[in-house]
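> What follows is a structure written as structure tokens; I'll ask about it next.
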Amino acid sequence: MKRHDIAAIFNEMADLLEFRGDNPFRIRAYRRAAQNLESFSGDLEALASAGRLQELSGIGEDLARKIDEYLRTGAIVAFEQLKRRIPKGVFELLEVPGVGPKTAKLLTERLHITTIQQLETAAKAHRLSRLPGFQAKKEENILKGIQIVHRGRSRMHLGIALPLAQELLAFLKTIPGVSRVSTAGSLRRMRETIGDLDLLAASKHPSRVTSAFAKAPFCARVLAAGQTKSSILTSEGLQVDLRVVEPDSFGAALQYFTGSKEHNVRLRELASRQGLKINEYGVFRIRGGRRLGGREEADIYRAVGLPWIPPELREDVGEIDAAKAGRLPSLVEAEDLRGDFHIHTTWSDGSDSLEAMAKAGMSRGYRYLAICDHSQSLKVAHGMSVARLRQQMKNIQALNERFPASFRLLMGAEVDILNEGKMDYPNEVLADLDFVIGSVHTGFTQAEAVITRRIVRAMDNPYLTLLAHPTGRLMGQREPYAVNLEKVFQAAKTTGTAVEINAYPRRLDLCDTAARRAQELGVMLAVSTDSHSLDQLDQVRFGLGVARRAWLEPRHLLNCLSLEQLSAWIARKRRRAA
Ligand code: DGT
Ligand code: CA
Ligand code: CA
Ligand code: ZN
């Protein structure tokens, strides 16, 4: 949990430095370090006490010292000093999308606005538009941003909630007498955001578990404490509901508290038509009350004549009918993935080298990684000139000669889709690449017809293999652009272009329902991580969650293909266009 705290501090330092007009490189270094800390899955304290913090990507001597300081003292003096030099209200204002450090300065100095509430009132009264350099449009955007803050505060995205859940489960397992633990609720169903976190433990001595839980270091506030139930708030502001049940009812409770509520209602209807009753203790005959099971989740489904249904499908979206008909999908699993396509390195805005990324890919058991750094026009992300791209391709070829035959780096690029669908590299350059991603990184406010045509035209390019983050949304920060996905999917199908499920937890783009629709239309999909450091390869699990919620099987995903099948798939589009 400490790494979340430190990441939050680094992000805040970046904002405050920006507010003060500090060196942009220094600001970026803090942001990158924060990102890397968020995705780091190892033991930070162990690394610190071994004096090895600098092995983390993006962490140099200075940042390592600050992390160390936080771990030892619970604070970073430089941060405290910086904060004291900034007016108080700025912190809250900076949370609003559309309010950057410069705007925050104007708002505090000219209008003495120091809360989001005051900002909302002022914007509604059009007092912002009287500020120098302010347009009505900007005022509108700030109001939209305030809405996002309100929404974003109520639910937490999986990228934060899932690692937190794992830490809490690990804690529960250490309590004597706990025989089984699991997540439940929306997190177990891998929804993209979590309202509260539901946890389940089996023990014959429930009150020992609930009281240990309420005294745990991560517990910031106890909301409700009972013998078998406990609700707490963590320091991250996440509410956690823990239930402790008899080992013999663990399966029934897990089924009940995993939900969704709608799925459970359906299942109970089905049960009652068969003279059965399901509750959190088990499944029972209504007549006579005989208990048919409840230790395992599958007992519940079996009693009503169904196979076990994976949690990701339990949304009352046809899963019970599919189960009845024996037509549940064989959902894609982590082991089915043979590679990742969306990988950044130090050649653009990533923080690890080609070789480090390749090794991380190999150690995950991948067969290939497509290196896709940014293209020339994306200057803020150090997009590569054609000459640099060619140089990188040479380096990749040289590395491949040294790697075992079971693993290949693919020469790729994440190429900006410019206006009117023009690609940011000429075709003769694209033709020399193994793998081409196309992305929209500019013009997010274009009208639906304009941005849709732009993307559809890009897909006509024979070298474009994968359309990345198709809607551009960033949860809590940026709404999707106005693209018409239905038209994009049709074009993807006819041109033979794959569409990405970007696994970056703030993106998850496509989302579950859109990905399911794409699959229904026969579009090939890919789960890729958009990794900017080697730890982020792990974020594939969030994309896998989306893929499973979209009912995807291995055959629907480009990165479940062998290298040979993948090359053939890419070649087919190129040939068709020739
Ligand atoms: P969330 O927390 O908003 O992300 O969504 P969930 O699905 O985790 O909802 P939550 O935490 O309110 O409840 C967890 C599970 O407990 C829910 O998925 C199903 C079960 N549950 C809660 N309330 C009810 C209810 O009134 N009826 C039924 N059948 N199940 C319920
Ligand atoms: Ca919940
Ligand atoms: Ca709950
Ligand atoms: Zn990218």
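By order in the structure tokens, chains are A, B, ...; within a chain, residues start at 1; ligands start at 1, following the order shown.
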Please return as a ChimeraX atom specification: the residues of stretch 49-270 of chain A that backbone DSSP assigns to strand (DSSP E).

/A:156-157,178-184,193-194,197-203,219-225,229-234,239-245

> Once you count only C-alpha atoms and all ligand atoms, which residues end up within 8 Å of ligand 2, and could you hand them over as a PyMOL selection string?

chain A and resi 184-187+194-198+240-241

> Considering only C-alpha atoms, can you say which of A:Ala449, A:Leu276, A:Leu164, A:Val386 comes closest to A:Lys2?

A:Leu164

> Going by DSSP on the backbone, which residues of stretch 143-256 of chain A come out as alpha helix (DSSP H)? List them as a PyMOL selection string.

chain A and resi 143-154+158-173+185-188+206-214+250-256

> List the spatial neighbours of A:Tyr504 as a list in words - criterion: any atom at most 7 Å away, only C-alpha atoms, same-chain residues fewer than 4 positions off excluded.

Leu508, Thr529, Asp530 and Gln539 of chain A

> For ligand 4, which residue out of A:Glu553, A:Asp373, A:Glu500, A:Asp416 is the nearest one, using only C-alpha atoms and all ligand atoms?

A:Asp373

> For atom CA of A:Val90 and atom CA of A:Ala104, determine how far apart the two atoms are, in Å to one decimal place.

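Rounded to one decimal, the two atoms are 6.0 Å apart.
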
> Would you list the residues that come within 10 Å of ligand 1? Count only C-alpha atoms and all ligand atoms and give the answer as a VMD selection string.

chain A and resid 154 to 157 183 to 199 239 to 241 253 to 268 278 to 280 314 to 315

> Using 10 Å as the limit and counting only C-alpha atoms and all ligand atoms, can you tabulate each residue of chain A that touches ligand 4, with its shortest atom-to-atom distance in Å and the two atoms involved, as a tab-separated table?


residue	atom	partner	partner_atom_place_in_ligand_line	distance
A:Phe341	CA	ligand 4	1 (Zn)	9.7
A:His342	CA	ligand 4	1 (Zn)	6.1
A:Ile343	CA	ligand 4	1 (Zn)	6.9
A:His344	CA	ligand 4	1 (Zn)	6.5
A:Ser348	CA	ligand 4	1 (Zn)	9.8
A:Asp349	CA	ligand 4	1 (Zn)	8.9
A:Gly350	CA	ligand 4	1 (Zn)	9.2
A:Ile371	CA	ligand 4	1 (Zn)	10.0
A:Cys372	CA	ligand 4	1 (Zn)	7.2
A:Asp373	CA	ligand 4	1 (Zn)	6.9
A:His374	CA	ligand 4	1 (Zn)	6.9
A:Ala381	CA	ligand 4	1 (Zn)	9.5
A:Ala413	CA	ligand 4	1 (Zn)	9.1
A:Glu414	CA	ligand 4	1 (Zn)	6.2
A:Val415	CA	ligand 4	1 (Zn)	9.2
A:Asp416	CA	ligand 4	1 (Zn)	10.0
A:Ile437	CA	ligand 4	1 (Zn)	8.7
A:Gly438	CA	ligand 4	1 (Zn)	9.5
A:Ser439	CA	ligand 4	1 (Zn)	8.0
A:His441	CA	ligand 4	1 (Zn)	9.6
A:Ala468	CA	ligand 4	1 (Zn)	7.8
A:His469	CA	ligand 4	1 (Zn)	8.7
A:Asn502	CA	ligand 4	1 (Zn)	9.1
A:Tyr504	CA	ligand 4	1 (Zn)	9.7
A:Ser528	CA	ligand 4	1 (Zn)	9.6
A:Thr529	CA	ligand 4	1 (Zn)	8.4
A:Asp530	CA	ligand 4	1 (Zn)	4.8
A:Ser531	CA	ligand 4	1 (Zn)	7.3
A:His532	CA	ligand 4	1 (Zn)	7.8

> Can I get the selection written as a CSV table (one decimal), in the first residue's frame, with N, CA and C atoms?


chain,number,residue,atom,x,y,z
A,341,PHE,N,1.5,-6.8,-28.0
A,341,PHE,CA,1.8,-6.0,-29.2
A,341,PHE,C,2.2,-4.6,-29.0
A,342,HIS,N,1.8,-4.0,-27.8
A,342,HIS,CA,1.8,-2.6,-27.7
A,342,HIS,C,2.9,-2.2,-26.6
A,343,ILE,N,4.1,-2.2,-27.0
A,343,ILE,CA,5.2,-2.1,-26.1
A,343,ILE,C,6.1,-0.9,-26.4
A,344,HIS,N,6.3,0.0,-25.4
A,344,HIS,CA,7.1,1.2,-25.6
A,344,HIS,C,8.4,0.9,-24.9
A,348,SER,N,11.2,5.7,-27.3
A,348,SER,CA,10.2,6.9,-27.3
A,348,SER,C,10.0,7.2,-25.8
A,349,ASP,N,8.8,7.0,-25.3
A,349,ASP,CA,8.6,7.5,-23.9
A,349,ASP,C,8.5,6.4,-22.9
A,350,GLY,N,9.0,5.2,-23.2
A,350,GLY,CA,9.1,4.1,-22.2
A,350,GLY,C,10.3,4.3,-21.3
A,371,ILE,N,7.5,-4.4,-30.6
A,371,ILE,CA,7.9,-3.1,-30.1
A,371,ILE,C,7.3,-2.0,-30.9
A,372,CYS,N,6.4,-1.2,-30.3
A,372,CYS,CA,5.7,-0.2,-31.0
A,372,CYS,C,5.9,1.2,-30.3
A,373,ASP,N,7.0,1.8,-30.6
A,373,ASP,CA,7.3,3.1,-30.0
A,373,ASP,C,6.5,4.2,-30.9
A,374,HIS,N,6.5,5.4,-30.3
A,374,HIS,CA,5.7,6.4,-31.0
A,374,HIS,C,6.3,6.9,-32.3
A,381,ALA,N,6.0,12.7,-26.8
A,381,ALA,CA,6.4,11.3,-26.3
A,381,ALA,C,7.6,10.9,-27.0
A,413,ALA,N,5.6,-0.2,-34.8
A,413,ALA,CA,5.5,1.2,-34.4
A,413,ALA,C,4.1,1.5,-34.1
A,414,GLU,N,3.9,2.5,-33.1
A,414,GLU,CA,2.6,3.0,-32.8
A,414,GLU,C,2.5,4.3,-33.6
A,415,VAL,N,1.8,4.2,-34.7
A,415,VAL,CA,1.8,5.3,-35.7
A,415,VAL,C,0.6,6.2,-35.5
A,416,ASP,N,0.8,7.5,-35.4
A,416,ASP,CA,-0.3,8.4,-35.2
A,416,ASP,C,-1.2,8.4,-36.5
A,437,ILE,N,0.7,-0.5,-35.4
A,437,ILE,CA,-0.4,0.0,-34.6
A,437,ILE,C,-0.8,1.4,-35.1
A,438,GLY,N,-2.1,1.7,-35.2
A,438,GLY,CA,-2.5,3.0,-35.5
A,438,GLY,C,-3.3,3.6,-34.3
A,439,SER,N,-3.0,4.9,-34.0
A,439,SER,CA,-3.6,5.5,-32.8
A,439,SER,C,-4.0,6.9,-33.1
A,441,HIS,N,-4.0,10.4,-31.3
A,441,HIS,CA,-3.5,11.1,-30.1
A,441,HIS,C,-3.8,12.6,-30.2
A,468,ALA,N,-5.4,0.9,-32.1
A,468,ALA,CA,-5.2,1.0,-30.6
A,468,ALA,C,-6.3,1.9,-30.0
A,469,HIS,N,-6.4,1.6,-28.7
A,469,HIS,CA,-7.4,2.4,-27.8
A,469,HIS,C,-8.4,3.1,-28.6
A,502,ASN,N,-7.1,-2.3,-25.0
A,502,ASN,CA,-6.0,-1.7,-24.3
A,502,ASN,C,-6.1,-2.0,-22.8
A,504,TYR,N,-4.4,-1.0,-20.2
A,504,TYR,CA,-4.0,0.0,-19.3
A,504,TYR,C,-5.2,0.3,-18.4
A,528,SER,N,-3.7,-5.9,-25.4
A,528,SER,CA,-2.3,-5.4,-25.3
A,528,SER,C,-2.1,-4.4,-24.2
A,529,THR,N,-0.9,-4.3,-23.7
A,529,THR,CA,-0.8,-3.6,-22.4
A,529,THR,C,-0.4,-2.1,-22.6
A,530,ASP,N,0.1,-1.7,-23.7
A,530,ASP,CA,0.6,-0.3,-23.8
A,530,ASP,C,1.7,-0.1,-22.7
A,531,SER,N,2.5,-1.1,-22.5
A,531,SER,CA,3.5,-1.0,-21.4
A,531,SER,C,4.5,0.1,-21.7
A,532,HIS,N,4.8,0.9,-20.7
A,532,HIS,CA,5.9,1.9,-20.8
A,532,HIS,C,7.0,1.5,-19.8

> Of the candidates A:Met384, A:Leu242, A:Asp336, A:Glu296, which shows the shortest atom-to-atom distance to ligand 3, using only C-alpha atoms and all ligand atoms?

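Using only C-alpha atoms and all ligand atoms, the shortest distance to ligand 3 belongs to A:Leu242.
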
> Just checking: using only C-alpha atoms, which residue out of A:Leu328, A:Met357, A:Ala323, A:Ala33 ends up closest to A:Thr345?

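Of A:Leu328, A:Met357, A:Ala323, A:Ala33, the one nearest A:Thr345 is A:Met357, counting only C-alpha atoms.
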
> Any idea what the distance is between atom CA of A:Gln118 and atom CA of A:Thr445?

26.9 Å
